[in-house]
Amino acid sequence: MMLVSLASLRPGDKAIVDSIEAGRGATRRLLDLGVTPGELVEVVRSARFGGPLEIRVRGSELSIGRGIAMKVLVQREG
Amino acid sequence: MNRHLVHAVKEEEPLEGRLTIALAGNCNVGKSVVFNQLTGLHQHVGNWPGKTVEKAEGTTNFEGTTMDIVDLPGIYSLSTYSVEERVTLEYIVNQKPDVVVDVVDASLLERNLYFTIQLLEAETPLVVALNQMDEAQKKGISTDTKRLEQQLGVPVVPMIAVRGIGFHELMTATRDVAQRRTERKVIPIRYGPEVEVHVEGIAKVIEEKPVGLPTRFTAVRLLEGDEYMRQLVARVNEEAIAVAEEHKRRLEKAHGHSVASVIASERYEIVRKIVRASQSTVPKALTFGDRLDEITTTGILGYIIMVGVIASMFVAVFAVGDKVASLLGETFLVLGPMVVRAFGGGTVGELVWGGLEGLIAGITLALPYIVPFYAIMAVLEDSGYLARMAFMMDSVMHVVGLHGKAFIPLVLGYGCNVPACLGCRIMETDRERTLAVFLTTLIPCAGRTIVILGLVGRYVGIEWALGLYALDLLVILALGRLAYKTLPGEPSGLIMEVPPYRMPHLSTTLKRTWFETSSFVTMALPLMVLGSVVLKALEVAGALGPISGLLSPISVGLLGLPPVAGVVLIFGVLRKELTLVMLAALSGTANLSSILTASQMIVFSVVTMFYIPCLGTVVALYKELGWKKALAIVMSEVALALAVGGLLSRVLPTLMASLT
């Protein structure tokens, strides 16, 4: 299975989190907010001008800056 | 209704003294609504000692028992990575509140219980306030509260805080837990076997030399590599640290993922089981809020709506604020002759008037600008729109090394820097708060706009005035990038929960605004009065002339301004627009073009724009960042003003001559 970054997904795409390669603080925050390896995430929308992604995970919605989203590796679903 | 949770209930005995109740929970769960409903007008907003994290405290009385309520910061974990998390853990561990009330969003139970089970691990006496029951219902979620209680081992009280539902039950449960705190039933949180081996391994070593914290809680934190916990334990039990390191290494090797992610996943696994056992969901169609979300955050329309919202914010705060401010100013001017009558026109009268001027400056700042600002910030935040704005503006704010959340304080800085600095509190890390506050103080506020437009705009030309705003943006851009590179710490990107759109709770917003304002005003007013009296004393003592002389190497030599400018700029520290008023007063003419050349006007305005932030802003800086950082910002901005002003005074005359 090929791994891609979360930032490469488009609105409506779903994926399974594989690993987070961001800095300590950002990784900790993502984990605490429920973005954990093995979990399903869905991209809800993506801001213009290279802005953040909004994802849905465990029933809640999160904005994630593109820089950090590039460091979240996922496996595309479907 | 919660009796079955408690075994070996002691005889009812009247409780002496007061109870201390701490409110904890995630952000956006209605915690502050619960706090406000409980404490009413008996509350106080301040900071945690030595921290820039806000602390709200209040009291309430329930059936004869007085309870002190502490509102802990909204957090998602006890991992102590952020200041807020550390404040919470330290409070729970050291102050040992009689009960922690964990406010939980029933519509997002999984994410919320992730925090709850950490509180359970910390073995703090706990009551779960299951809030937002109405929202959960709208989403098609139904909760079996009894099952949830059995799973968690602590009382669970269903609530709709905004409608005042569930408070009596909450207080009853809280009081009951407080009175029987020693008999609490503990259901241990068990991880999967792979992780349990390591937790128990560390726990065994901790038990040999206890550290005064719950053993398993400590063991799990050490395994996760929590730096704060490491420091705590290292003082008492060096061996535990070494053992934890070894277990951490082994677990990481076996698992291939970082321990932090293994344990987070396991915690969520535990939580998911609890949620599955106690909640069931029937999916519902898109709600009105979902559709509104789509419109306001996606595409160009979202940006158009945002511009509209910001514009109306400005009108609300600054058009109205300005009117009220000048009205108040005029009203207070009447006091002048009264002071003269009461204290005479001599030194005493002058000093009293000086103090009053400071008071007036403080009041005309607080009432028209800070009150509406806090109210608007509260509405933006509680409604959920702030999160959407941050989402849309994130990439723009990255240009100056900040992320989307800094947009609001920066924009509002154009009205008044003071509330804008206070608003930078929404930034998560110290690093970002410092950077945002620093850049905010460089934004030309309404006071500086008066100088720029009244001097450069009026006498030199509007294009030059606009040029100054462009120069200001360039400086902010350059310094933002510089500070971004030089400030210590890890630059953090945007990671933010996007809460659903909600109707802000009116009485919570109003009370919050009131207490935040009074907390600032009680701090700022004495300082403003003092500063004003000192200025007046200098004037009365005839020190202004000599000071002008002392400053002349800078004002005349470096900046090429007339000698009077030195004194005028000192007065500008109180309020920036005073520079213009004082310049006219001290020169004895309202026609400023007779005393300043065009290039001098530009230099004067640029210096006014950048040098020391006004006294009110300095107080805000001190409040938000502490005096060291406040001083550093003040000094660097003085240097900046002199550098840019000095440069312009040498370049501009030739440049302007060649243009005409």
# chains A, B, ... in the order shown; residues from 1 in each chain; ligands from 1
call {"tool": "interface_residues", "arguments": {"of": "chain B", "to": "chain A", "cutoff": "9 Å", "atoms": "only C-alpha atoms", "output": "number ranges by chain"}}
result
B: 76-77, 79, 81-82, 107-111, 114-115, 257, 260-262, 264-265, 268, 294, 297-300, 387-388, 390-396, 403-404, 490, 492-500
call {"tool": "residues_around", "arguments": {"residues": "range 306-316 of chain B", "least_positions_apart": "5", "cutoff": "10 Å", "atoms": "only C-alpha atoms", "output": "NGL selection string"}}
result
:B and (296-297 or 300-301 or 321-322 or 369 or 372-373 or 376-377 or 380 or 385 or 388-389 or 392-393 or 408 or 411-412 or 414-415)
call {"tool": "write_last_selection", "arguments": {"atoms": "N, CA and C atoms", "output": "mmCIF file, in the first residue's frame"}}
result
data_model
loop_
_atom_site.group_PDB
_atom_site.id
_atom_site.type_symbol
_atom_site.label_atom_id
_atom_site.label_comp_id
_atom_site.auth_asym_id
_atom_site.auth_seq_id
_atom_site.Cartn_x
_atom_site.Cartn_y
_atom_site.Cartn_z
ATOM 1 N N THR B 296 -20.030 29.727 4.709
ATOM 2 C CA THR B 296 -19.139 30.731 5.293
ATOM 3 C C THR B 296 -17.665 30.348 5.272
ATOM 4 N N THR B 297 -17.339 29.123 4.908
ATOM 5 C CA THR B 297 -15.914 28.789 4.923
ATOM 6 C C THR B 297 -15.390 28.312 3.579
ATOM 7 N N ILE B 300 -15.084 31.840 -2.421
ATOM 8 C CA ILE B 300 -14.948 33.290 -2.366
ATOM 9 C C ILE B 300 -16.009 33.911 -1.472
ATOM 10 N N LEU B 301 -17.210 33.351 -1.503
ATOM 11 C CA LEU B 301 -18.303 33.904 -0.703
ATOM 12 C C LEU B 301 -17.911 33.979 0.772
ATOM 13 N N GLY B 321 -17.218 53.523 19.489
ATOM 14 C CA GLY B 321 -16.224 53.755 20.522
ATOM 15 C C GLY B 321 -15.665 55.164 20.471
ATOM 16 N N ASP B 322 -15.341 55.604 19.263
ATOM 17 C CA ASP B 322 -14.793 56.945 19.060
ATOM 18 C C ASP B 322 -15.744 58.012 19.583
ATOM 19 N N TYR B 369 -13.622 51.220 24.122
ATOM 20 C CA TYR B 369 -12.892 50.279 23.278
ATOM 21 C C TYR B 369 -12.811 48.874 23.857
ATOM 22 N N PRO B 372 -16.511 46.808 24.320
ATOM 23 C CA PRO B 372 -17.037 46.167 23.107
ATOM 24 C C PRO B 372 -16.077 45.149 22.513
ATOM 25 N N PHE B 373 -14.778 45.400 22.672
ATOM 26 C CA PHE B 373 -13.812 44.448 22.120
ATOM 27 C C PHE B 373 -13.960 43.080 22.774
ATOM 28 N N ILE B 376 -17.118 41.424 21.622
ATOM 29 C CA ILE B 376 -17.054 40.905 20.257
ATOM 30 C C ILE B 376 -16.167 39.665 20.184
ATOM 31 N N MET B 377 -15.039 39.709 20.897
ATOM 32 C CA MET B 377 -14.174 38.524 20.911
ATOM 33 C C MET B 377 -14.934 37.323 21.469
ATOM 34 N N LEU B 380 -17.446 36.120 18.870
ATOM 35 C CA LEU B 380 -16.763 35.441 17.764
ATOM 36 C C LEU B 380 -16.291 34.055 18.187
ATOM 37 N N TYR B 385 -17.226 31.295 14.964
ATOM 38 C CA TYR B 385 -16.784 31.955 13.738
ATOM 39 C C TYR B 385 -15.280 32.232 13.744
ATOM 40 N N ARG B 388 -13.393 29.652 12.093
ATOM 41 C CA ARG B 388 -13.524 29.685 10.625
ATOM 42 C C ARG B 388 -12.636 30.770 10.021
ATOM 43 N N MET B 389 -12.567 31.926 10.686
ATOM 44 C CA MET B 389 -11.708 33.001 10.195
ATOM 45 C C MET B 389 -10.255 32.546 10.196
ATOM 46 N N MET B 392 -9.573 30.410 7.253
ATOM 47 C CA MET B 392 -9.465 31.112 5.971
ATOM 48 C C MET B 392 -8.208 31.970 5.872
ATOM 49 N N MET B 393 -7.753 32.524 7.007
ATOM 50 C CA MET B 393 -6.632 33.463 6.961
ATOM 51 C C MET B 393 -5.287 32.833 7.289
ATOM 52 N N ILE B 408 -7.273 37.972 14.009
ATOM 53 C CA ILE B 408 -8.228 38.859 14.676
ATOM 54 C C ILE B 408 -7.537 39.923 15.528
ATOM 55 N N VAL B 411 -5.864 42.545 13.232
ATOM 56 C CA VAL B 411 -6.799 43.447 12.558
ATOM 57 C C VAL B 411 -7.363 44.461 13.547
ATOM 58 N N LEU B 412 -7.717 43.973 14.736
ATOM 59 C CA LEU B 412 -8.322 44.879 15.706
ATOM 60 C C LEU B 412 -7.310 45.869 16.264
ATOM 61 N N TYR B 414 -5.694 47.883 14.638
ATOM 62 C CA TYR B 414 -5.884 49.153 13.930
ATOM 63 C C TYR B 414 -6.818 50.081 14.704
ATOM 64 N N GLY B 415 -7.666 49.501 15.527
ATOM 65 C CA GLY B 415 -8.528 50.338 16.352
ATOM 66 C C GLY B 415 -7.797 50.751 17.614
#
call {"tool": "residues_around", "arguments": {"residues": "Glu63 in chain B", "least_positions_apart": "2", "cutoff": "12 Å", "atoms": "only C-alpha atoms", "output": "JSON, numbers by chain"}}
result
{"B": [14, 15, 60, 61, 65, 66, 67, 168, 171, 172, 175]}
call {"tool": "closest_residue", "arguments": {"among": "B:Thr174, B:Gln179, B:Ser32, B:Gln279", "to": "Ala106 in chain B", "atoms": "only C-alpha atoms"}}
result
B:Gln279
call {"tool": "select_by_dssp", "arguments": {"residues": "range 22-113 of chain B", "states": "alpha helix (DSSP H)", "output": "number ranges by chain"}}
result
B: 31-39, 83-90, 109-113
call {"tool": "write_last_selection", "arguments": {"atoms": "N, CA and C atoms", "output": "PDB file, in the first residue's frame"}}
result
ATOM      1  N   LYS B  31     -18.018  24.970  29.259  1.00  0.00           N
ATOM      2  CA  LYS B  31     -17.468  25.036  30.618  1.00  0.00           C
ATOM      3  C   LYS B  31     -17.684  26.418  31.233  1.00  0.00           C
ATOM      4  N   SER B  32     -17.453  27.465  30.441  1.00  0.00           N
ATOM      5  CA  SER B  32     -17.606  28.807  31.012  1.00  0.00           C
ATOM      6  C   SER B  32     -19.075  29.139  31.257  1.00  0.00           C
ATOM      7  N   VAL B  33     -19.973  28.514  30.492  1.00  0.00           N
ATOM      8  CA  VAL B  33     -21.401  28.706  30.772  1.00  0.00           C
ATOM      9  C   VAL B  33     -21.740  28.078  32.117  1.00  0.00           C
ATOM     10  N   VAL B  34     -21.222  26.876  32.350  1.00  0.00           N
ATOM     11  CA  VAL B  34     -21.446  26.212  33.638  1.00  0.00           C
ATOM     12  C   VAL B  34     -20.889  27.092  34.755  1.00  0.00           C
ATOM     13  N   PHE B  35     -19.667  27.587  34.550  1.00  0.00           N
ATOM     14  CA  PHE B  35     -19.023  28.431  35.564  1.00  0.00           C
ATOM     15  C   PHE B  35     -19.872  29.667  35.868  1.00  0.00           C
ATOM     16  N   ASN B  36     -20.336  30.323  34.819  1.00  0.00           N
ATOM     17  CA  ASN B  36     -21.111  31.544  35.017  1.00  0.00           C
ATOM     18  C   ASN B  36     -22.462  31.295  35.660  1.00  0.00           C
ATOM     19  N   GLN B  37     -23.093  30.194  35.272  1.00  0.00           N
ATOM     20  CA  GLN B  37     -24.384  29.881  35.882  1.00  0.00           C
ATOM     21  C   GLN B  37     -24.216  29.580  37.371  1.00  0.00           C
ATOM     22  N   LEU B  38     -23.091  28.957  37.715  1.00  0.00           N
ATOM     23  CA  LEU B  38     -22.871  28.593  39.117  1.00  0.00           C
ATOM     24  C   LEU B  38     -22.503  29.800  39.959  1.00  0.00           C
ATOM     25  N   THR B  39     -21.637  30.660  39.415  1.00  0.00           N
ATOM     26  CA  THR B  39     -21.074  31.705  40.264  1.00  0.00           C
ATOM     27  C   THR B  39     -21.788  33.045  40.143  1.00  0.00           C
ATOM     28  N   VAL B  83       1.169  25.141  28.325  1.00  0.00           N
ATOM     29  CA  VAL B  83       1.103  25.795  29.635  1.00  0.00           C
ATOM     30  C   VAL B  83      -0.218  25.469  30.304  1.00  0.00           C
ATOM     31  N   GLU B  84      -1.307  25.488  29.518  1.00  0.00           N
ATOM     32  CA  GLU B  84      -2.633  25.240  30.067  1.00  0.00           C
ATOM     33  C   GLU B  84      -2.719  23.857  30.690  1.00  0.00           C
ATOM     34  N   GLU B  85      -2.124  22.880  30.008  1.00  0.00           N
ATOM     35  CA  GLU B  85      -2.157  21.515  30.527  1.00  0.00           C
ATOM     36  C   GLU B  85      -1.349  21.426  31.821  1.00  0.00           C
ATOM     37  N   ARG B  86      -0.217  22.113  31.861  1.00  0.00           N
ATOM     38  CA  ARG B  86       0.614  22.063  33.061  1.00  0.00           C
ATOM     39  C   ARG B  86      -0.096  22.743  34.238  1.00  0.00           C
ATOM     40  N   VAL B  87      -0.708  23.901  33.954  1.00  0.00           N
ATOM     41  CA  VAL B  87      -1.457  24.610  34.992  1.00  0.00           C
ATOM     42  C   VAL B  87      -2.510  23.680  35.591  1.00  0.00           C
ATOM     43  N   THR B  88      -3.224  22.985  34.724  1.00  0.00           N
ATOM     44  CA  THR B  88      -4.287  22.086  35.182  1.00  0.00           C
ATOM     45  C   THR B  88      -3.735  20.952  36.032  1.00  0.00           C
ATOM     46  N   LEU B  89      -2.703  20.289  35.529  1.00  0.00           N
ATOM     47  CA  LEU B  89      -2.144  19.156  36.270  1.00  0.00           C
ATOM     48  C   LEU B  89      -1.599  19.617  37.617  1.00  0.00           C
ATOM     49  N   GLU B  90      -0.846  20.728  37.614  1.00  0.00           N
ATOM     50  CA  GLU B  90      -0.277  21.230  38.867  1.00  0.00           C
ATOM     51  C   GLU B  90      -1.378  21.544  39.870  1.00  0.00           C
ATOM     52  N   LEU B 109     -18.530  12.558  22.510  1.00  0.00           N
ATOM     53  CA  LEU B 109     -18.157  11.854  23.730  1.00  0.00           C
ATOM     54  C   LEU B 109     -16.763  11.234  23.644  1.00  0.00           C
ATOM     55  N   GLU B 110     -16.441  10.657  22.485  1.00  0.00           N
ATOM     56  CA  GLU B 110     -15.181   9.935  22.365  1.00  0.00           C
ATOM     57  C   GLU B 110     -13.994  10.855  22.664  1.00  0.00           C
ATOM     58  N   ARG B 111     -13.962  11.996  21.967  1.00  0.00           N
ATOM     59  CA  ARG B 111     -12.844  12.933  22.157  1.00  0.00           C
ATOM     60  C   ARG B 111     -12.809  13.464  23.596  1.00  0.00           C
ATOM     61  N   ASN B 112     -13.964  13.700  24.174  1.00  0.00           N
ATOM     62  CA  ASN B 112     -14.032  14.258  25.519  1.00  0.00           C
ATOM     63  C   ASN B 112     -13.615  13.257  26.596  1.00  0.00           C
ATOM     64  N   LEU B 113     -14.020  11.993  26.409  1.00  0.00           N
ATOM     65  CA  LEU B 113     -13.693  10.997  27.437  1.00  0.00           C
ATOM     66  C   LEU B 113     -12.207  10.673  27.454  1.00  0.00           C
TER      67      LEU B 113
END
call {"tool": "closest_residue", "arguments": {"among": "B:Ser658, B:Ser548, B:Gln132, B:Ser258", "to": "Arg163 in chain B", "atoms": "only C-alpha atoms"}}
result
B:Gln132
call {"tool": "atom_distance", "arguments": {"atom1": "CA of Lys248 in chain B", "atom2": "CA of Glu194 in chain B"}}
result
11.7 Å
call {"tool": "select_by_dssp", "arguments": {"residues": "chain A", "states": "strand (DSSP E or B)", "output": "ChimeraX atom specification"}}
result
/A:3-5,14-20,40-46,53-57,60-64,72-77
call {"tool": "write_last_selection", "arguments": {"atoms": "N, CA and C atoms", "output": "short mmCIF file (atom, residue, chain, number, x, y, z; two decimals), in the first residue's frame"}}
result
data_model
loop_
_atom_site.label_atom_id
_atom_site.label_comp_id
_atom_site.auth_asym_id
_atom_site.auth_seq_id
_atom_site.Cartn_x
_atom_site.Cartn_y
_atom_site.Cartn_z
N LEU A 3 1.78 5.07 0.78
CA LEU A 3 1.47 6.12 1.74
C LEU A 3 1.55 7.48 1.06
N VAL A 4 0.58 8.32 1.36
CA VAL A 4 0.61 9.70 0.85
C VAL A 4 0.45 10.64 2.05
N SER A 5 0.72 11.93 1.81
CA SER A 5 0.53 12.87 2.91
C SER A 5 -0.93 13.30 2.97
N LYS A 14 -11.23 9.91 1.95
CA LYS A 14 -11.07 9.30 3.27
C LYS A 14 -9.76 8.53 3.30
N ALA A 15 -9.16 8.46 4.48
CA ALA A 15 -7.89 7.77 4.58
C ALA A 15 -7.66 7.27 6.00
N ILE A 16 -6.76 6.27 6.11
CA ILE A 16 -6.39 5.74 7.42
C ILE A 16 -5.03 6.33 7.80
N VAL A 17 -4.94 6.86 9.02
CA VAL A 17 -3.68 7.45 9.47
C VAL A 17 -2.64 6.36 9.65
N ASP A 18 -1.44 6.59 9.09
CA ASP A 18 -0.36 5.64 9.29
C ASP A 18 0.59 6.12 10.37
N SER A 19 1.14 7.32 10.17
CA SER A 19 2.07 7.85 11.18
C SER A 19 2.14 9.36 11.08
N ILE A 20 2.62 9.98 12.15
CA ILE A 20 2.76 11.44 12.17
C ILE A 20 4.24 11.77 12.34
N LEU A 40 -9.57 6.39 11.02
CA LEU A 40 -10.08 6.89 9.75
C LEU A 40 -10.32 8.40 9.83
N VAL A 41 -9.80 9.13 8.83
CA VAL A 41 -10.07 10.56 8.76
C VAL A 41 -10.70 10.90 7.41
N GLU A 42 -11.51 11.96 7.41
CA GLU A 42 -12.13 12.38 6.16
C GLU A 42 -11.85 13.87 5.95
N VAL A 43 -11.45 14.25 4.75
CA VAL A 43 -11.21 15.66 4.48
C VAL A 43 -12.55 16.33 4.20
N VAL A 44 -12.89 17.35 4.97
CA VAL A 44 -14.17 18.03 4.81
C VAL A 44 -14.03 19.15 3.80
N ARG A 45 -13.04 20.01 4.00
CA ARG A 45 -12.78 21.08 3.04
C ARG A 45 -11.34 21.51 3.13
N SER A 46 -10.95 22.30 2.14
CA SER A 46 -9.56 22.71 2.05
C SER A 46 -9.56 24.20 1.73
N LEU A 53 -6.35 22.38 5.98
CA LEU A 53 -7.36 21.38 5.66
C LEU A 53 -8.28 21.26 6.85
N GLU A 54 -9.55 21.01 6.56
CA GLU A 54 -10.43 20.67 7.67
C GLU A 54 -10.75 19.20 7.55
N ILE A 55 -10.49 18.45 8.63
CA ILE A 55 -10.77 17.02 8.58
C ILE A 55 -11.77 16.64 9.66
N ARG A 56 -12.42 15.50 9.42
CA ARG A 56 -13.32 14.97 10.42
C ARG A 56 -12.69 13.71 10.99
N VAL A 57 -12.58 13.65 12.31
CA VAL A 57 -12.02 12.47 12.94
C VAL A 57 -12.75 12.24 14.26
N SER A 60 -15.38 14.73 15.44
CA SER A 60 -15.12 16.17 15.58
C SER A 60 -14.37 16.69 14.37
N GLU A 61 -14.43 18.01 14.18
CA GLU A 61 -13.77 18.61 13.03
C GLU A 61 -12.55 19.41 13.46
N LEU A 62 -11.46 19.25 12.73
CA LEU A 62 -10.21 19.92 13.06
C LEU A 62 -9.66 20.67 11.86
N SER A 63 -9.11 21.86 12.09
CA SER A 63 -8.33 22.54 11.06
C SER A 63 -6.88 22.19 11.28
N ILE A 64 -6.21 21.81 10.21
CA ILE A 64 -4.79 21.47 10.32
C ILE A 64 -4.03 22.25 9.26
N VAL A 72 1.65 14.31 8.04
CA VAL A 72 0.80 13.21 8.48
C VAL A 72 0.68 12.23 7.31
N LEU A 73 1.21 11.03 7.49
CA LEU A 73 1.16 10.05 6.41
C LEU A 73 -0.09 9.19 6.55
N VAL A 74 -0.77 9.00 5.42
CA VAL A 74 -2.02 8.25 5.46
C VAL A 74 -2.10 7.24 4.31
N GLN A 75 -3.03 6.30 4.44
CA GLN A 75 -3.32 5.34 3.39
C GLN A 75 -4.71 5.64 2.86
N ARG A 76 -4.79 5.96 1.58
CA ARG A 76 -6.07 6.30 0.98
C ARG A 76 -7.08 5.15 1.09
N GLU A 77 -8.31 5.48 1.37
CA GLU A 77 -9.39 4.48 1.46
C GLU A 77 -10.26 4.60 0.22
#
call {"tool": "atom_distance", "arguments": {"atom1": "CA of Ser8 in chain A", "atom2": "CA of Met397 in chain B"}}
result
21.5 Å
call {"tool": "atom_distance", "arguments": {"atom1": "CA of Leu453 in chain B", "atom2": "CA of Val619 in chain B"}}
result
26.4 Å
call {"tool": "residues_around", "arguments": {"residues": "Asp71 in chain B", "least_positions_apart": "6", "cutoff": "12 Å", "atoms": "only C-alpha atoms", "output": "PyMOL selection string"}}
result
chain B and resi 20-27+30-36+38-39+43-48+53-59+84+87-88+91-92+97+100-103
call {"tool": "write_last_selection", "arguments": {"atoms": "N, CA and C atoms", "output": "compact mmCIF listing (two decimals), in the first residue's frame"}}
result
# COMPACT_ATOMS: atom_id res chain seq x y z
N THR B 20 -13.85 23.12 47.69
CA THR B 20 -13.23 23.67 46.49
C THR B 20 -13.54 22.76 45.31
N ILE B 21 -14.17 23.34 44.31
CA ILE B 21 -14.57 22.58 43.14
C ILE B 21 -13.83 23.13 41.92
N ALA B 22 -13.19 22.26 41.15
CA ALA B 22 -12.51 22.72 39.94
C ALA B 22 -13.30 22.25 38.72
N LEU B 23 -13.49 23.17 37.75
CA LEU B 23 -14.14 22.80 36.50
C LEU B 23 -13.06 22.51 35.48
N ALA B 24 -13.11 21.31 34.88
CA ALA B 24 -12.13 20.97 33.87
C ALA B 24 -12.85 20.47 32.63
N GLY B 25 -12.15 20.36 31.52
CA GLY B 25 -12.75 19.83 30.30
C GLY B 25 -12.11 20.38 29.05
N ASN B 26 -12.55 19.86 27.92
CA ASN B 26 -12.06 20.31 26.62
C ASN B 26 -12.48 21.75 26.36
N CYS B 27 -11.95 22.35 25.30
CA CYS B 27 -12.43 23.65 24.83
C CYS B 27 -13.81 23.44 24.19
N GLY B 30 -18.79 24.28 26.76
CA GLY B 30 -19.74 25.02 27.58
C GLY B 30 -19.30 25.14 29.03
N LYS B 31 -18.02 24.97 29.26
CA LYS B 31 -17.47 25.04 30.62
C LYS B 31 -17.68 26.42 31.23
N SER B 32 -17.45 27.46 30.44
CA SER B 32 -17.61 28.81 31.01
C SER B 32 -19.08 29.14 31.26
N VAL B 33 -19.97 28.51 30.49
CA VAL B 33 -21.40 28.71 30.77
C VAL B 33 -21.74 28.08 32.12
N VAL B 34 -21.22 26.88 32.35
CA VAL B 34 -21.45 26.21 33.64
C VAL B 34 -20.89 27.09 34.76
N PHE B 35 -19.67 27.59 34.55
CA PHE B 35 -19.02 28.43 35.56
C PHE B 35 -19.87 29.67 35.87
N ASN B 36 -20.34 30.32 34.82
CA ASN B 36 -21.11 31.54 35.02
C ASN B 36 -22.46 31.30 35.66
N LEU B 38 -23.09 28.96 37.72
CA LEU B 38 -22.87 28.59 39.12
C LEU B 38 -22.50 29.80 39.96
N THR B 39 -21.64 30.66 39.41
CA THR B 39 -21.07 31.70 40.26
C THR B 39 -21.79 33.05 40.14
N GLN B 43 -17.59 36.42 41.01
CA GLN B 43 -16.43 35.84 40.36
C GLN B 43 -15.33 36.87 40.16
N HIS B 44 -14.16 36.35 39.84
CA HIS B 44 -12.99 37.19 39.71
C HIS B 44 -12.11 36.59 38.62
N VAL B 45 -11.66 37.44 37.69
CA VAL B 45 -10.79 36.95 36.63
C VAL B 45 -9.38 37.46 36.85
N GLY B 46 -8.43 36.59 36.83
CA GLY B 46 -7.03 37.00 36.98
C GLY B 46 -6.14 36.04 36.21
N ASN B 47 -4.87 36.00 36.57
CA ASN B 47 -3.96 35.05 35.94
C ASN B 47 -3.49 34.02 36.95
N TRP B 48 -3.07 32.86 36.46
CA TRP B 48 -2.43 31.88 37.32
C TRP B 48 -1.08 32.47 37.72
N VAL B 53 -1.78 32.45 31.75
CA VAL B 53 -3.02 31.73 31.51
C VAL B 53 -4.10 32.31 32.43
N GLU B 54 -5.25 32.55 31.83
CA GLU B 54 -6.31 33.18 32.61
C GLU B 54 -6.89 32.24 33.65
N LYS B 55 -7.19 32.81 34.82
CA LYS B 55 -7.79 32.02 35.89
C LYS B 55 -9.06 32.72 36.35
N ALA B 56 -10.18 32.01 36.26
CA ALA B 56 -11.43 32.59 36.76
C ALA B 56 -11.84 31.83 38.01
N GLU B 57 -12.19 32.57 39.04
CA GLU B 57 -12.61 31.96 40.29
C GLU B 57 -13.94 32.56 40.72
N GLY B 58 -14.71 31.80 41.46
CA GLY B 58 -15.96 32.34 41.96
C GLY B 58 -16.46 31.51 43.12
N THR B 59 -17.56 31.96 43.70
CA THR B 59 -18.13 31.16 44.78
C THR B 59 -19.61 30.94 44.52
N GLU B 84 -1.31 25.49 29.52
CA GLU B 84 -2.63 25.24 30.07
C GLU B 84 -2.72 23.86 30.69
N VAL B 87 -0.71 23.90 33.95
CA VAL B 87 -1.46 24.61 34.99
C VAL B 87 -2.51 23.68 35.59
N THR B 88 -3.22 22.99 34.72
CA THR B 88 -4.29 22.09 35.18
C THR B 88 -3.74 20.95 36.03
N TYR B 91 -2.45 22.15 39.36
CA TYR B 91 -3.54 22.50 40.26
C TYR B 91 -4.16 21.23 40.87
N ILE B 92 -4.45 20.27 40.03
CA ILE B 92 -5.12 19.06 40.50
C ILE B 92 -4.22 18.29 41.47
N PRO B 97 -8.26 19.75 44.80
CA PRO B 97 -9.63 20.23 44.99
C PRO B 97 -10.51 19.10 45.51
N VAL B 100 -13.30 17.45 41.18
CA VAL B 100 -13.12 18.01 39.85
C VAL B 100 -14.40 17.70 39.08
N VAL B 101 -15.03 18.74 38.55
CA VAL B 101 -16.19 18.52 37.69
C VAL B 101 -15.69 18.58 36.25
N ASP B 102 -15.77 17.45 35.56
CA ASP B 102 -15.30 17.37 34.18
C ASP B 102 -16.49 17.64 33.27
N VAL B 103 -16.48 18.80 32.60
CA VAL B 103 -17.57 19.13 31.70
C VAL B 103 -17.28 18.48 30.35
call {"tool": "residues_around", "arguments": {"residues": "range 213-224 of chain B", "least_positions_apart": "5", "cutoff": "10 Å", "atoms": "only C-alpha atoms", "output": "PyMOL selection string"}}
result
chain B and resi 78-80+93-94+118-124+188-191+195-196+198-207+229-233+240-249+251+258-264
call {"tool": "residues_around", "arguments": {"residues": "Glu432 in chain B", "least_positions_apart": "5", "cutoff": "12 Å", "atoms": "only C-alpha atoms", "output": "short mmCIF file (atom, residue, chain, number, x, y, z; two decimals) with C-alpha atoms, in the first residue's frame"}}
result
data_model
loop_
_atom_site.label_atom_id
_atom_site.label_comp_id
_atom_site.auth_asym_id
_atom_site.auth_seq_id
_atom_site.Cartn_x
_atom_site.Cartn_y
_atom_site.Cartn_z
CA MET B 397 -0.74 35.00 8.43
CA HIS B 398 2.06 32.58 7.65
CA VAL B 400 4.53 37.07 9.09
CA GLY B 401 5.30 33.79 10.81
CA LEU B 402 1.98 33.38 12.59
CA HIS B 403 -0.99 31.19 11.99
CA GLY B 404 -4.61 31.99 11.32
CA LYS B 405 -5.70 32.66 14.87
CA ALA B 406 -3.49 35.78 15.10
CA CYS B 424 -3.47 37.59 21.66
CA ARG B 425 -4.25 35.24 24.52
CA ILE B 426 -6.00 33.00 22.01
CA MET B 427 -2.58 31.97 20.67
CA VAL B 437 1.65 40.74 20.73
CA PHE B 438 4.87 42.25 19.38
CA LEU B 439 3.47 42.67 15.86
CA THR B 440 0.17 43.97 17.25
CA GLY B 480 7.71 39.31 11.79
CA ALA B 483 11.28 37.44 15.09
CA TYR B 484 9.96 34.18 13.64
CA LEU B 487 12.47 33.54 18.86
CA PRO B 488 13.33 30.35 20.73
CA GLY B 489 11.00 27.36 20.53
CA GLU B 490 9.32 25.28 17.90
CA PRO B 491 7.17 27.23 15.44
CA SER B 492 3.77 25.63 15.59
CA GLY B 493 1.31 25.42 12.77
CA LEU B 494 -2.43 25.52 13.05
CA LEU B 625 4.03 38.70 28.67
#
